[in-house]
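A.B. asks: Below you'll find model_10.pdb; it's PDB, C-alpha atoms and all ligand atoms.
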```pdb
MODEL        1
ATOM      1  CA  MET X 146      23.720   3.568 -12.315
ATOM      2  CA  LEU X 147      21.681   3.329  -9.134
ATOM      3  CA  ASP X 148      21.915  -0.339  -8.373
ATOM      4  CA  ASN X 149      24.825  -0.004  -6.005
ATOM      5  CA  GLU X 150      25.006  -2.668  -3.279
ATOM      6  CA  GLU X 151      26.792  -0.456  -0.715
ATOM      7  CA  LYS X 152      23.974   2.046  -0.788
ATOM      8  CA  LYS X 153      21.244  -0.157   0.628
ATOM      9  CA  GLU X 154      20.766  -2.416   3.620
ATOM     10  CA  ILE X 155      18.170  -5.145   4.020
ATOM     11  CA  LEU X 156      15.507  -4.089   6.493
ATOM     12  CA  ILE X 157      13.012  -6.927   5.991
ATOM     13  CA  PRO X 158      14.172 -10.139   4.301
ATOM     14  CA  ALA X 159      11.941 -11.913   1.764
ATOM     15  CA  ALA X 160      11.154 -14.815   4.120
ATOM     16  CA  GLU X 161       9.853 -12.424   6.774
ATOM     17  CA  ILE X 162       7.642 -10.684   4.225
ATOM     18  CA  ALA X 163       6.257 -14.049   3.084
ATOM     19  CA  ALA X 164       5.460 -15.104   6.661
ATOM     20  CA  LYS X 165       3.738 -11.804   7.381
ATOM     21  CA  ILE X 166       1.651 -12.040   4.215
ATOM     22  CA  LYS X 167       0.463 -15.508   5.201
ATOM     23  CA  GLU X 168      -0.565 -14.072   8.592
ATOM     24  CA  LEU X 169      -2.375 -11.141   6.946
ATOM     25  CA  GLY X 170      -4.028 -13.488   4.443
ATOM     26  CA  ASP X 171      -5.360 -15.721   7.223
ATOM     27  CA  LYS X 172      -6.686 -12.766   9.212
ATOM     28  CA  ILE X 173      -8.349 -11.064   6.234
ATOM     29  CA  SER X 174      -9.868 -14.382   5.053
ATOM     30  CA  GLU X 175     -11.307 -14.904   8.516
ATOM     31  CA  ASP X 176     -12.695 -11.363   8.746
ATOM     32  CA  TYR X 177     -14.364 -11.558   5.319
ATOM     33  CA  ALA X 178     -15.523 -15.184   5.508
ATOM     34  CA  GLY X 179     -18.689 -15.674   3.453
ATOM     35  CA  LYS X 180     -18.264 -12.325   1.697
ATOM     36  CA  GLU X 181     -16.922 -11.304  -1.685
ATOM     37  CA  LEU X 182     -14.084  -8.807  -1.561
ATOM     38  CA  LEU X 183     -12.824  -6.256  -4.061
ATOM     39  CA  LEU X 184      -9.119  -5.524  -3.667
ATOM     40  CA  VAL X 185      -8.203  -2.012  -4.832
ATOM     41  CA  CYS X 186      -4.475  -1.904  -5.524
ATOM     42  CA  VAL X 187      -2.776   1.484  -5.445
ATOM     43  CA  LEU X 188      -0.374   1.612  -8.401
ATOM     44  CA  LYS X 189       2.465   1.117  -8.815
ATOM     45  CA  GLY X 190       4.134   0.360  -5.491
ATOM     46  CA  ALA X 191       1.529  -2.082  -4.178
ATOM     47  CA  VAL X 192       1.470  -4.492  -7.143
ATOM     48  CA  VAL X 193       3.991  -6.936  -5.699
ATOM     49  CA  PHE X 194       2.217  -6.940  -2.337
ATOM     50  CA  LEU X 195      -1.148  -7.406  -4.080
ATOM     51  CA  SER X 196       0.043 -10.370  -6.095
ATOM     52  CA  ASP X 197       1.301 -12.209  -3.015
ATOM     53  CA  LEU X 198      -1.567 -11.150  -0.748
ATOM     54  CA  MET X 199      -4.339 -12.211  -3.145
ATOM     55  CA  ARG X 200      -2.841 -15.693  -3.350
ATOM     56  CA  ALA X 201      -2.778 -15.893   0.459
ATOM     57  CA  LEU X 202      -6.545 -15.260   0.651
ATOM     58  CA  LYS X 203      -9.010 -18.126   0.886
ATOM     59  CA  ILE X 204     -12.087 -16.127  -0.086
ATOM     60  CA  PRO X 205     -13.364 -15.046  -3.518
ATOM     61  CA  VAL X 206     -11.718 -11.788  -4.564
ATOM     62  CA  LYS X 207     -11.813  -9.456  -7.528
ATOM     63  CA  VAL X 208      -9.145  -6.850  -8.195
ATOM     64  CA  ASP X 209      -9.089  -3.345  -9.579
ATOM     65  CA  PHE X 210      -6.380  -0.697  -9.790
ATOM     66  CA  ILE X 211      -6.157   3.000  -9.050
ATOM     67  CA  ALA X 212      -3.234   5.350  -9.650
ATOM     68  CA  VAL X 213      -2.764   8.617  -7.795
ATOM     69  CA  SER X 214      -0.284  11.430  -8.203
ATOM     70  CA  SER X 215       2.016  12.219  -5.348
ATOM     71  CA  TYR X 216       1.140  15.658  -4.140
ATOM     72  CA  GLY X 217       3.640  18.344  -5.145
ATOM     73  CA  ALA X 218       5.060  20.861  -2.653
ATOM     74  CA  ALA X 219       2.055  23.114  -3.156
ATOM     75  CA  THR X 220      -0.476  20.433  -2.275
ATOM     76  CA  VAL X 221       1.157  18.909   0.814
ATOM     77  CA  SER X 222      -0.743  21.118   3.224
ATOM     78  CA  SER X 223      -4.098  20.624   1.519
ATOM     79  CA  GLY X 224      -3.563  16.887   1.093
ATOM     80  CA  VAL X 225      -5.085  17.006  -2.363
ATOM     81  CA  VAL X 226      -4.106  14.016  -4.434
ATOM     82  CA  ARG X 227      -4.977  13.671  -8.095
ATOM     83  CA  ILE X 228      -6.399  10.444  -9.492
ATOM     84  CA  LEU X 229      -4.367   9.517 -12.577
ATOM     85  CA  LYS X 230      -6.159   6.252 -13.303
ATOM     86  CA  ASP X 231      -9.532   5.500 -11.811
ATOM     87  CA  LEU X 232     -11.223   2.189 -11.005
ATOM     88  CA  GLU X 233     -12.912   0.361 -13.859
ATOM     89  CA  GLN X 234     -15.944  -0.649 -11.840
ATOM     90  CA  SER X 235     -18.486   0.729  -9.421
ATOM     91  CA  ILE X 236     -17.816  -0.086  -5.767
ATOM     92  CA  GLU X 237     -21.295   0.793  -4.535
ATOM     93  CA  GLY X 238     -22.584  -1.791  -2.083
ATOM     94  CA  ARG X 239     -19.367  -3.829  -2.190
ATOM     95  CA  HIS X 240     -16.798  -4.844   0.401
ATOM     96  CA  VAL X 241     -13.636  -2.985  -0.590
ATOM     97  CA  LEU X 242     -10.102  -3.364   0.734
ATOM     98  CA  ILE X 243      -7.515  -0.814  -0.380
ATOM     99  CA  VAL X 244      -4.093  -2.450  -0.828
ATOM    100  CA  GLU X 245      -1.247   0.030  -0.259
ATOM    101  CA  ASP X 246       2.515  -0.410  -0.065
ATOM    102  CA  ILE X 247       3.414   2.179   2.575
ATOM    103  CA  ILE X 248       1.807   4.898   4.672
ATOM    104  CA  ASP X 249       4.047   7.855   5.318
ATOM    105  CA  THR X 250       2.410  11.257   5.971
ATOM    106  CA  GLY X 251      -1.019   9.634   5.615
ATOM    107  CA  LEU X 252      -2.163  12.229   3.072
ATOM    108  CA  THR X 253      -2.601   9.808   0.166
ATOM    109  CA  LEU X 254      -4.738   7.353   2.066
ATOM    110  CA  LYS X 255      -6.727  10.003   3.868
ATOM    111  CA  TYR X 256      -7.695  11.390   0.464
ATOM    112  CA  LEU X 257      -8.235   8.031  -1.195
ATOM    113  CA  HIS X 258     -10.323   6.689   1.662
ATOM    114  CA  LYS X 259     -12.582   9.752   1.575
ATOM    115  CA  ASN X 260     -12.852   9.614  -2.216
ATOM    116  CA  LEU X 261     -13.795   5.920  -2.280
ATOM    117  CA  TRP X 262     -16.101   6.224   0.724
ATOM    118  CA  GLU X 263     -18.161   8.804  -1.195
ATOM    119  CA  ARG X 264     -18.862   6.067  -3.778
ATOM    120  CA  LYS X 265     -20.899   4.221  -1.130
ATOM    121  CA  PRO X 266     -19.137   0.874  -0.704
ATOM    122  CA  ARG X 267     -20.711  -1.503   1.810
ATOM    123  CA  SER X 268     -17.430  -1.515   3.739
ATOM    124  CA  LEU X 269     -14.037   0.075   3.175
ATOM    125  CA  ARG X 270     -10.821  -0.962   4.861
ATOM    126  CA  VAL X 271      -7.109  -0.528   4.246
ATOM    127  CA  VAL X 272      -4.246  -2.988   4.315
ATOM    128  CA  THR X 273      -0.710  -1.638   4.078
ATOM    129  CA  LEU X 274       2.470  -3.646   4.014
ATOM    130  CA  LEU X 275       4.512  -0.908   5.692
ATOM    131  CA  ASP X 276       3.727   1.974   7.998
ATOM    132  CA  LYS X 277       5.979   4.834   9.136
ATOM    133  CA  PRO X 278       3.873   6.257  12.002
ATOM    134  CA  GLU X 279       6.546   8.823  12.995
ATOM    135  CA  ARG X 280       6.040  10.650   9.712
ATOM    136  CA  ARG X 281       2.281  11.299   9.949
ATOM    137  CA  LYS X 282       0.955  14.736   9.038
ATOM    138  CA  VAL X 283      -2.692  13.672   9.284
ATOM    139  CA  SER X 284      -4.036  10.921  11.479
ATOM    140  CA  PHE X 285      -4.679   7.696   9.635
ATOM    141  CA  THR X 286      -4.681   4.175  11.038
ATOM    142  CA  PRO X 287      -4.745   1.214   8.651
ATOM    143  CA  ASP X 288      -7.068  -1.701   9.459
ATOM    144  CA  TYR X 289      -4.296  -4.194   8.664
ATOM    145  CA  CYS X 290      -0.562  -3.533   8.702
ATOM    146  CA  GLY X 291       2.395  -5.773   7.891
ATOM    147  CA  PHE X 292       5.281  -3.923   9.512
ATOM    148  CA  GLN X 293       5.791  -0.632  11.302
ATOM    149  CA  ILE X 294       9.170   0.726  10.261
ATOM    150  CA  PRO X 295      11.363   3.644  11.378
ATOM    151  CA  ASP X 296      11.652   6.885   9.428
ATOM    152  CA  LYS X 297      13.841   5.564   6.611
ATOM    153  CA  PHE X 298      13.371   5.712   2.862
ATOM    154  CA  VAL X 299      12.765   2.159   1.722
ATOM    155  CA  VAL X 300      12.840   0.422  -1.654
ATOM    156  CA  GLY X 301      12.207  -3.060  -2.998
ATOM    157  CA  TYR X 302       9.216  -5.397  -3.099
ATOM    158  CA  GLY X 303       7.399  -2.943  -5.370
ATOM    159  CA  LEU X 304       8.730   0.271  -3.837
ATOM    160  CA  ASP X 305      10.961   2.424  -5.994
ATOM    161  CA  PHE X 306      13.496   5.197  -6.068
ATOM    162  CA  ASN X 307      13.231   6.924  -9.452
ATOM    163  CA  GLU X 308      11.515   3.750 -10.715
ATOM    164  CA  TYR X 309      14.514   1.584  -9.761
ATOM    165  CA  TYR X 310      14.552  -1.259  -7.223
ATOM    166  CA  ARG X 311      10.895  -2.342  -7.506
ATOM    167  CA  SER X 312      12.014  -5.859  -8.413
ATOM    168  CA  LEU X 313      14.101  -6.484  -5.267
ATOM    169  CA  PRO X 314      12.595  -9.393  -3.298
ATOM    170  CA  GLU X 315      13.293  -7.767   0.081
ATOM    171  CA  ILE X 316      12.616  -4.359   1.659
ATOM    172  CA  CYS X 317      15.808  -2.313   1.826
ATOM    173  CA  ALA X 318      16.638   1.038   3.365
ATOM    174  CA  LEU X 319      18.534   3.356   1.056
ATOM    175  CA  LYS X 320      21.620   4.671   2.779
ATOM    176  CA  LYS X 321      22.401   8.310   2.296
ATOM    177  CA  PRO X 322      25.638   8.765   0.323
TER     178      PRO X 322
HETATM  179  P1  LIG F   1       1.869   9.435   2.119
HETATM  180  O1  LIG F   1       0.771  10.098   1.355
HETATM  181  O2  LIG F   1       1.364   8.533   3.227
HETATM  182  O3  LIG F   1       2.881  10.423   2.596
HETATM  183  O4  LIG F   1       2.730   8.593   1.124
HETATM  184  C1  LIG F   1       2.305   7.524   0.442
HETATM  185  C2  LIG F   1       3.178   7.274  -0.758
HETATM  186  O5  LIG F   1       4.484   7.883  -0.669
HETATM  187  C3  LIG F   1       3.439   5.801  -0.881
HETATM  188  O6  LIG F   1       2.398   5.152  -1.569
HETATM  189  C4  LIG F   1       4.745   5.772  -1.624
HETATM  190  O7  LIG F   1       4.500   5.879  -3.005
HETATM  191  C5  LIG F   1       5.470   7.022  -1.166
HETATM  192  N1  LIG F   1       6.451   6.717  -0.104
HETATM  193  C6  LIG F   1       6.384   7.083   1.188
HETATM  194  N2  LIG F   1       7.440   6.632   1.888
HETATM  195  C7  LIG F   1       8.197   5.937   1.008
HETATM  196  C8  LIG F   1       9.428   5.199   1.137
HETATM  197  O8  LIG F   1      10.064   5.068   2.185
HETATM  198  N3  LIG F   1       9.886   4.613  -0.009
HETATM  199  C9  LIG F   1       9.237   4.705  -1.205
HETATM  200  N4  LIG F   1       9.797   4.080  -2.241
HETATM  201  N5  LIG F   1       8.087   5.382  -1.355
HETATM  202  C10 LIG F   1       7.561   5.994  -0.250
ENDMDL
END
```
Taking this structure as input, can you express it in the form of structure tokens?

C.D. replies:
Amino acid sequence: MLDNEEKKEILIPAAEIAAKIKELGDKISEDYAGKELLLVCVLKGAVVFLSDLMRALKIPVKVDFIAVSSYGAATVSSGVVRILKDLEQSIEGRHVLIVEDIIDTGLTLKYLHKNLWERKPRSLRVVTLLDKPERRKVSFTPDYCGFQIPDKFVVGYGLDFNEYYRSLPEICALKKP
């Protein structure tokens, strides 16, 4: 059983996440005032963030979902990421905001950004709840970021370890045994 209290420490409490999401919601609403926005949620980790963020926005939004494979050892250097579930709609000519849970090496978003940009959206930006800049393998800077965190493996608020912990309301660092 993984759910062992001693093995994790709270890094960002739920109240801090909520305050940050309000801040992000205000900023994004201001930046996209008068426009219609399509939120593209990267499954599965970003679903909790998406559900809170979309309710913090004061502009009309639509949502769609995309799922990508994590690159295996062989694909790390090439940065090739496979799309497991694609969007259900065309993004051509639309304002698109990718909603991601965490940026680590940057490979996933670098690939996803390029892939979606080739579909000719009117604009394409990225919001991530968490960013681990120390871990970058390719340069990638999100347009909006909730928290920069140190190089720790985190779970909770949608993020998993072997599919566990996604339902935790706070962001926790997993302690090494
Ligand atoms: P990147 O391509 O930037 O290296 O990684 C992006 C993906 O790796 C994230 O969407 C997430 O699924 C996973 N990931 C990276 N760091 C962490 C972490 O600390 N905790 C969890 N649960 N997943 C992570």

A.B. asks: Can you pull out every residue with an atom within 6 Å of ligand LIG 1 (chain F)? Use all atoms listed in the file and format it as a ChimeraX atom specification.

C.D. replies: /X:246-253,297-300,304-306

A.B. asks: Closest to Val244 (chain X) among X:Thr273, X:Ser284, X:Ser215, X:Asn260, using all atoms listed in the file?

C.D. replies: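 Of the candidates, the smallest distance to Val244 (chain X) is held by X:Thr273.
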
A.B. asks: Report as a list in words the full result of the PyMOL selection byres (((chain X and resi 185-189) around 9) and not hetatm) when it is applied to this structure.

C.D. replies: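 Written out, the selection comes to Leu183, Leu184, Gly190, Ala191, Val192, Val193, Phe194, Leu195, Lys207, Val208, Asp209, Phe210, Ile211, Ala212, Val213, Lys230, Leu232, Val241, Leu242, Ile243, Val244, Glu245, Asp246, Gly303 and Leu304 of chain X.
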
A.B. asks: Kindly provide, as a list in words, the polymer residues lying within 12 Å of (9.9, -12.1, 7.3), counting all atoms listed in the file and using the coordinates exactly as they appear in the file.

C.D. replies: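 Applying the cut-off with all atoms listed in the file, one gets Ile155, Leu156, Ile157, Pro158, Ala159, Ala160, Glu161, Ile162, Ala163, Ala164, Lys165, Ile166, Lys167, Glu168, Leu274, Gly291, Phe292, Pro314, Glu315 and Ile316 of chain X.
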
A.B. asks: Please enumerate the residues selected by the PyMOL selection byres (((chain X and resi 177) around 10) and not hetatm) when evaluated against the supplied file, formatted as number ranges by chain.

C.D. replies: X: 172-176, 178-182, 202-205, 240

A.B. asks: Could you spell out the hits of the PyMOL selection byres (((chain X and resi 267) around 9) and not hetatm) on the shown file, as a ChimeraX atom specification?

C.D. replies: /X:236-241,265-266,268-269

A.B. asks: Figure out the distance between CA of Pro278 (chain X) and CA of Gln293 (chain X), please, to one decimal in Å.

C.D. replies: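 Taking CA of Gln293 (chain X) and CA of Pro278 (chain X), their separation equals 7.2 Å.
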
A.B. asks: Restricting the calculation to all atoms listed in the file, which member of X:Asp288, X:Leu275, X:Pro295, X:Val225 is positioned closest to Leu257 (chain X)?

C.D. replies: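 Ranking X:Asp288, X:Leu275, X:Pro295, X:Val225 by distance to Leu257 (chain X), first place goes to X:Val225.
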
A.B. asks: Find, counting only C-alpha atoms, the residue in X:Gly170, X:His258, X:Arg264, X:Val226 that gets nearest to Met199 (chain X).

C.D. replies: X:Gly170

A.B. asks: For Trp262 (chain X), which of X:Arg311, X:Tyr302, X:Glu154, X:Ser235 is the closest residue, counting only C-alpha atoms?

C.D. replies: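 Checking each of X:Arg311, X:Tyr302, X:Glu154, X:Ser235 against Trp262 (chain X), counting only C-alpha atoms, the winner is X:Ser235.
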
A.B. asks: Quick one: pull the distance between CA of Lys255 (chain X) and CA of Lys320 (chain X), Å, one decimal.

C.D. replies: 28.9 Å

A.B. asks: For CA of Asp276 (chain X) and CA of Lys152 (chain X), determine how far apart the two atoms are, in Å to one decimal place.

C.D. replies: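 About the pair CA of Asp276 (chain X) and CA of Lys152 (chain X): they are 22.1 Å apart.
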
A.B. asks: With distances taken over only C-alpha atoms, which residue among X:Ser214, X:Asp171, X:Tyr310, X:Cys290 lies nearest Ala201 (chain X)?

C.D. replies: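 Using only C-alpha atoms, the shortest distance to Ala201 (chain X) belongs to X:Asp171.
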